[in-house]
file protein-v4.cif (mmCIF, C-alpha atoms)
data_run
#
loop_
_atom_site.label_atom_id
_atom_site.label_comp_id
_atom_site.auth_asym_id
_atom_site.auth_seq_id
_atom_site.Cartn_x
_atom_site.Cartn_y
_atom_site.Cartn_z
CA MET V 1 92.78 113.15 99.12
CA GLY V 2 94.77 115.55 101.29
CA ASN V 3 98.52 115.44 101.82
CA GLU V 4 98.04 114.21 105.39
CA SER V 5 96.80 110.83 104.10
CA LYS V 6 99.49 110.28 101.45
CA ARG V 7 101.76 108.24 103.69
CA ASP V 8 99.32 106.37 105.87
CA VAL V 9 100.34 102.94 104.49
CA PRO V 10 104.11 102.26 104.69
CA VAL V 11 105.93 101.16 101.54
CA THR V 12 109.18 99.20 101.78
CA THR V 13 111.65 99.16 98.93
CA LYS V 14 114.21 96.63 97.82
CA VAL V 15 116.20 97.91 94.86
CA HIS V 16 118.83 96.34 92.65
CA ASP V 17 121.10 97.54 89.85
CA GLU V 18 122.79 100.70 91.13
CA GLY V 19 119.98 101.55 93.57
CA LYS V 20 117.39 102.40 90.91
CA ALA V 21 114.08 100.75 90.17
CA THR V 22 114.13 99.21 86.71
CA HIS V 23 111.66 98.08 84.12
CA GLY V 24 111.92 94.44 83.14
CA GLY V 25 110.53 94.83 79.63
CA ALA V 26 107.83 92.52 78.27
CA LEU V 27 105.32 90.68 80.42
CA THR V 28 106.58 87.53 82.04
CA PRO V 29 104.99 84.15 81.32
CA PHE V 30 103.63 84.17 84.88
CA GLU V 31 101.78 87.43 84.24
CA ASP V 32 100.34 86.03 81.00
CA MET V 33 99.16 82.96 82.93
CA GLU V 34 97.69 85.16 85.70
CA ARG V 35 95.74 87.24 83.16
CA ALA V 36 94.41 84.10 81.46
CA PHE V 37 93.29 82.70 84.82
CA GLU V 38 91.57 85.98 85.76
CA LYS V 39 89.80 86.05 82.38
CA PHE V 40 88.63 82.47 82.88
CA MET V 41 87.40 83.15 86.43
CA SER V 42 85.47 86.26 85.36
CA GLY V 43 83.74 84.37 82.52
CA GLY V 44 80.18 83.13 82.55
CA TRP V 45 80.80 79.48 83.39
CA LEU V 46 79.16 79.93 86.82
CA ARG V 47 75.98 81.58 85.48
CA PRO V 48 73.74 78.59 86.39
CA LEU V 49 74.32 79.46 90.06
CA ALA V 50 73.31 83.11 89.57
CA TRP V 51 69.62 82.38 90.20
CA ASP V 52 70.23 81.67 93.90
CA ARG V 53 72.43 84.29 95.55
CA SER V 54 72.66 82.35 98.83
CA ILE V 55 74.25 79.36 97.07
CA TRP V 56 76.74 81.65 95.33
CA HIS V 57 77.57 83.45 98.59
CA ASP V 58 78.10 80.19 100.48
CA LEU V 59 80.19 78.76 97.63
CA MET V 60 82.47 81.79 97.31
CA GLU V 61 82.70 82.72 101.01
CA PRO V 62 85.99 80.83 101.62
CA PHE V 63 87.61 82.89 98.83
CA GLN V 64 86.42 86.32 99.95
CA GLY V 65 89.31 88.78 100.35
CA ARG V 66 91.90 86.48 98.78
CA MET V 67 91.74 87.54 95.11
CA THR V 68 92.69 91.21 95.22
CA ARG V 69 91.63 93.05 92.06
CA THR V 70 94.04 95.75 90.94
CA ASP V 71 94.25 98.55 88.39
CA VAL V 72 97.59 99.80 87.07
CA ILE V 73 97.15 103.22 85.49
CA ASP V 74 99.87 104.95 83.44
CA ARG V 75 99.35 108.70 83.94
CA ASP V 76 101.50 111.57 82.62
CA GLU V 77 103.54 112.18 85.77
CA ASP V 78 103.16 108.89 87.67
CA PHE V 79 101.84 105.36 87.79
CA LEU V 80 98.81 104.70 89.97
CA VAL V 81 98.08 101.27 91.35
CA ARG V 82 94.68 100.79 92.96
CA ALA V 83 93.78 97.59 94.79
CA GLU V 84 90.51 96.46 96.35
CA VAL V 85 91.17 95.41 99.94
CA PRO V 86 87.70 95.44 101.56
CA GLY V 87 87.72 94.87 105.28
CA ALA V 88 91.50 95.18 105.58
CA GLN V 89 92.96 97.59 108.13
CA LYS V 90 96.09 99.71 107.50
CA LYS V 91 97.98 97.78 110.17
CA ASP V 92 97.27 94.51 108.32
CA ILE V 93 98.56 95.63 104.88
CA GLU V 94 102.16 95.45 103.67
CA VAL V 95 103.31 97.16 100.45
CA SER V 96 106.80 96.45 99.09
CA LEU V 97 108.86 97.12 95.97
CA ALA V 98 111.60 95.05 94.39
CA ASP V 99 112.90 96.51 91.13
CA ASN V 100 109.72 97.25 89.13
CA MET V 101 107.55 94.67 90.93
CA LEU V 102 105.01 95.96 93.45
CA THR V 103 103.69 93.50 96.04
CA ILE V 104 100.63 94.01 98.23
CA LYS V 105 100.06 91.56 101.10
CA GLY V 106 97.57 91.58 103.91
CA LYS V 107 95.00 89.79 105.99
CA VAL V 108 91.28 90.18 106.52
CA GLU V 109 89.08 88.99 109.37
CA HIS V 110 85.28 88.85 109.14
CA GLU V 111 82.65 87.93 111.69
CA TYR V 112 79.08 87.27 110.56
CA LYS V 113 76.17 86.77 112.98
CA GLN V 114 72.55 85.95 112.20
CA GLN V 115 69.71 85.32 114.64
CA LYS V 116 66.06 84.46 113.89
CA ALA V 117 63.68 83.14 116.56
CA ASP V 118 65.35 79.94 117.80
CA TYR V 119 67.90 79.88 114.97
CA TYR V 120 71.36 81.34 115.56
CA ARG V 121 74.37 81.34 113.25
CA CYS V 122 77.81 82.86 113.82
CA GLU V 123 80.67 82.49 111.38
CA ILE V 124 84.14 83.88 111.63
CA SER V 125 86.47 83.77 108.66
CA GLN V 126 90.04 84.86 108.24
CA GLY V 127 92.13 85.08 105.13
CA VAL V 128 95.31 86.40 103.67
CA PHE V 129 95.85 87.94 100.27
CA SER V 130 98.85 88.77 98.13
CA ARG V 131 99.19 90.35 94.72
CA THR V 132 102.29 91.29 92.74
CA VAL V 133 102.07 93.56 89.71
CA LEU V 134 104.59 94.79 87.18
CA VAL V 135 104.94 98.57 87.04
CA PRO V 136 105.33 99.37 83.31
CA GLY V 137 108.17 101.90 83.56
CA LYS V 138 110.82 103.53 85.72
CA PHE V 139 109.80 105.39 88.86
CA ASP V 140 111.40 107.12 91.83
CA ALA V 141 111.12 104.54 94.62
CA SER V 142 111.99 107.12 97.31
CA LYS V 143 108.86 109.15 96.50
CA VAL V 144 106.27 106.35 96.41
CA THR V 145 103.18 107.02 98.54
CA ALA V 146 100.30 104.79 99.58
CA SER V 147 96.94 105.51 101.18
CA LEU V 148 93.89 103.51 102.19
CA LYS V 149 90.34 104.83 102.00
CA ASP V 150 87.01 102.99 101.88
CA GLY V 151 88.58 99.59 101.12
CA VAL V 152 90.69 100.86 98.22
CA LEU V 153 94.48 101.03 98.50
CA GLU V 154 96.06 103.65 96.21
CA ILE V 155 99.78 103.60 95.53
CA THR V 156 101.34 106.47 93.58
CA LEU V 157 104.72 105.87 91.93
CA PRO V 158 106.18 109.11 90.49
CA LYS V 159 107.87 108.57 87.11
CA VAL V 160 111.48 109.42 86.43
CA GLU V 161 112.00 111.79 83.49
CA ALA V 162 112.85 108.98 81.03
CA SER V 163 109.46 107.28 81.61
CA LYS V 164 107.27 110.35 81.16
CA ARG V 165 105.06 110.43 78.11
CA GLN V 166 106.23 112.46 75.17
CA SER V 167 104.39 113.46 72.01
CA ILE V 168 106.13 112.80 68.72
CA LYS V 169 105.18 114.85 65.68
CA ILE V 170 104.75 112.88 62.46
CA GLU V 171 106.35 114.62 59.51
#
call {"tool": "encode", "arguments": {"input": "protein-v4.cif", "output": "structure tokens"}}
result
Amino acid sequence: MGNESKRDVPVTTKVHDEGKATHGGALTPFEDMERAFEKFMSGGWLRPLAWDRSIWHDLMEPFQGRMTRTDVIDRDEDFLVRAEVPGAQKKDIEVSLADNMLTIKGKVEHEYKQQKADYYRCEISQGVFSRTVLVPGKFDASKVTASLKDGVLEITLPKVEASKRQSIKIE
């Protein structure tokens, strides 16, 4: 990804505590609950519907684009947050920071048309999505960049010196 695309999605910041982004420590109960819900939803309890893809598609269509999957990656020099936002346009995505919480909001609009002989079907769906993740360390909020390519939003949060990984020799 070239430098010209690093700032193509604006990031707004809201900082507290002496103007620096902070790390809140352990996971909050809400994050624990969110992870448990995601684990439950990704389980095999809907396998009986897997035999007929059209039933599954029709059942899940109202939820398309609303459950944004994210990765939070702790790299040596920065944190990388990647979010799936298929069908979303840059103008429809908002990225914001408050302390060490990163929020991604947006909207998606789909139009589906199907025509066979005397049968015609047209469906238009719209939806909004929102996801907040905890960034697991301190970062420089003034240097955060975000870019969108092929339905994947990438947000890079450069670490401050105190959050960079260090090796400790065992004696």
call {"tool": "resolve_selection", "arguments": {"input": "protein-v4.cif", "expression": "the PyMOL selection byres ((chain V and resi 70) around 7)", "output": "list in words"}}
result
Thr68, Arg69, Asp71, Val72, Val81, Arg82, Ala83 and Glu84 of chain V
call {"tool": "write_last_selection", "arguments": {"input": "protein-v4.cif", "atoms": "C-alpha atoms", "output": "mmCIF file, keeping the file's coordinate frame"}}
result
data_model
loop_
_atom_site.group_PDB
_atom_site.id
_atom_site.type_symbol
_atom_site.label_atom_id
_atom_site.label_comp_id
_atom_site.auth_asym_id
_atom_site.auth_seq_id
_atom_site.Cartn_x
_atom_site.Cartn_y
_atom_site.Cartn_z
ATOM 1 C CA THR V 68 92.690 91.210 95.220
ATOM 2 C CA ARG V 69 91.630 93.050 92.060
ATOM 3 C CA ASP V 71 94.250 98.550 88.390
ATOM 4 C CA VAL V 72 97.590 99.800 87.070
ATOM 5 C CA VAL V 81 98.080 101.270 91.350
ATOM 6 C CA ARG V 82 94.680 100.790 92.960
ATOM 7 C CA ALA V 83 93.780 97.590 94.790
ATOM 8 C CA GLU V 84 90.510 96.460 96.350
#
call {"tool": "resolve_selection", "arguments": {"input": "protein-v4.cif", "expression": "the PyMOL selection byres ((chain V and resi 151) around 12)", "output": "list of chain:residue names"}}
result
V:Gly65, V:Thr68, V:Arg69, V:Arg82, V:Ala83, V:Glu84, V:Val85, V:Pro86, V:Gly87, V:Ala88, V:Gln89, V:Lys90, V:Ile93, V:Val108, V:Ser147, V:Leu148, V:Lys149, V:Asp150, V:Val152, V:Leu153, V:Glu154
call {"tool": "write_last_selection", "arguments": {"input": "protein-v4.cif", "atoms": "C-alpha atoms", "output": "CSV table (one decimal), in the coordinates of the input"}}
result
chain,number,residue,atom,x,y,z
V,65,GLY,CA,89.3,88.8,100.4
V,68,THR,CA,92.7,91.2,95.2
V,69,ARG,CA,91.6,93.0,92.1
V,82,ARG,CA,94.7,100.8,93.0
V,83,ALA,CA,93.8,97.6,94.8
V,84,GLU,CA,90.5,96.5,96.4
V,85,VAL,CA,91.2,95.4,99.9
V,86,PRO,CA,87.7,95.4,101.6
V,87,GLY,CA,87.7,94.9,105.3
V,88,ALA,CA,91.5,95.2,105.6
V,89,GLN,CA,93.0,97.6,108.1
V,90,LYS,CA,96.1,99.7,107.5
V,93,ILE,CA,98.6,95.6,104.9
V,108,VAL,CA,91.3,90.2,106.5
V,147,SER,CA,96.9,105.5,101.2
V,148,LEU,CA,93.9,103.5,102.2
V,149,LYS,CA,90.3,104.8,102.0
V,150,ASP,CA,87.0,103.0,101.9
V,152,VAL,CA,90.7,100.9,98.2
V,153,LEU,CA,94.5,101.0,98.5
V,154,GLU,CA,96.1,103.6,96.2
call {"tool": "closest_residue", "arguments": {"input": "protein-v4.cif", "among": "V:Asp32, V:Glu111, V:Asp140, V:Glu38", "to": "V:Leu97", "atoms": "only C-alpha atoms"}}
result
V:Asp140
call {"tool": "atom_distance", "arguments": {"input": "protein-v4.cif", "atom1": "atom CA of V:Phe79", "atom2": "atom CA of V:Val128"}}
result
25.6 Å
call {"tool": "closest_residue", "arguments": {"input": "protein-v4.cif", "among": "V:Glu123, V:Pro158, V:Thr132, V:Met33", "to": "V:Ala146", "atoms": "all atoms listed in the file"}}
result
V:Pro158
call {"tool": "closest_residue", "arguments": {"input": "protein-v4.cif", "among": "V:Lys116, V:Lys143, V:His110, V:Arg121", "to": "V:Leu157", "atoms": "only C-alpha atoms"}}
result
V:Lys143
call {"tool": "atom_distance", "arguments": {"input": "protein-v4.cif", "atom1": "atom CA of V:Ile155", "atom2": "atom CA of V:Glu31"}}
result
19.8 Å
call {"tool": "axis_aligned_box", "arguments": {"input": "protein-v4.cif", "around": "stretch 127-141 of chain V", "padding_each_side": "6 Å", "output": "JSON"}}
result
{"center_x": 101.8, "center_y": 96.1, "center_z": 94.2, "size_x": 31.3, "size_y": 34.0, "size_z": 33.8}
call {"tool": "atom_distance", "arguments": {"input": "protein-v4.cif", "atom1": "atom CA of V:Glu34", "atom2": "atom CA of V:Glu94"}}
result
21.2 Å
call {"tool": "resolve_selection", "arguments": {"input": "protein-v4.cif", "expression": "the PyMOL selection byres ((chain V and resi 105) around 7)", "output": "list of chain:residue names"}}
result
V:Ile93, V:Glu94, V:Val95, V:Thr103, V:Ile104, V:Gly106, V:Phe129, V:Ser130, V:Arg131
call {"tool": "residues_around", "arguments": {"input": "protein-v4.cif", "residues": "V:Ser142", "least_positions_apart": "2", "cutoff": "10 Å", "atoms": "only C-alpha atoms", "output": "list in words"}}
result
Val11, Thr12, Thr13, Lys20, Ala21, Phe139, Asp140, Val144, Thr145, Leu157 and Pro158 of chain V
call {"tool": "closest_residue", "arguments": {"input": "protein-v4.cif", "among": "V:Glu161, V:Asp99, V:Asp92, V:Asp8", "to": "V:Gly127", "atoms": "all atoms listed in the file"}}
result
V:Asp92
call {"tool": "closest_residue", "arguments": {"input": "protein-v4.cif", "among": "V:Glu77, V:Ala98, V:Val9, V:Tyr112", "to": "V:Val160", "atoms": "all atoms listed in the file"}}
result
V:Glu77
call {"tool": "residues_around", "arguments": {"input": "protein-v4.cif", "residues": "V:Lys113", "least_positions_apart": "6", "cutoff": "12 Å", "atoms": "all atoms listed in the file", "output": "VMD selection string"}}
result
chain V and resid 119 to 125
call {"tool": "write_last_selection", "arguments": {"input": "protein-v4.cif", "atoms": "C-alpha atoms", "output": "PDB file, in the coordinates of the input"}}
result
ATOM      1  CA  TYR V 119      67.900  79.880 114.970  1.00  0.00           C
ATOM      2  CA  TYR V 120      71.360  81.340 115.560  1.00  0.00           C
ATOM      3  CA  ARG V 121      74.370  81.340 113.250  1.00  0.00           C
ATOM      4  CA  CYS V 122      77.810  82.860 113.820  1.00  0.00           C
ATOM      5  CA  GLU V 123      80.670  82.490 111.380  1.00  0.00           C
ATOM      6  CA  ILE V 124      84.140  83.880 111.630  1.00  0.00           C
ATOM      7  CA  SER V 125      86.470  83.770 108.660  1.00  0.00           C
TER       8      SER V 125
END
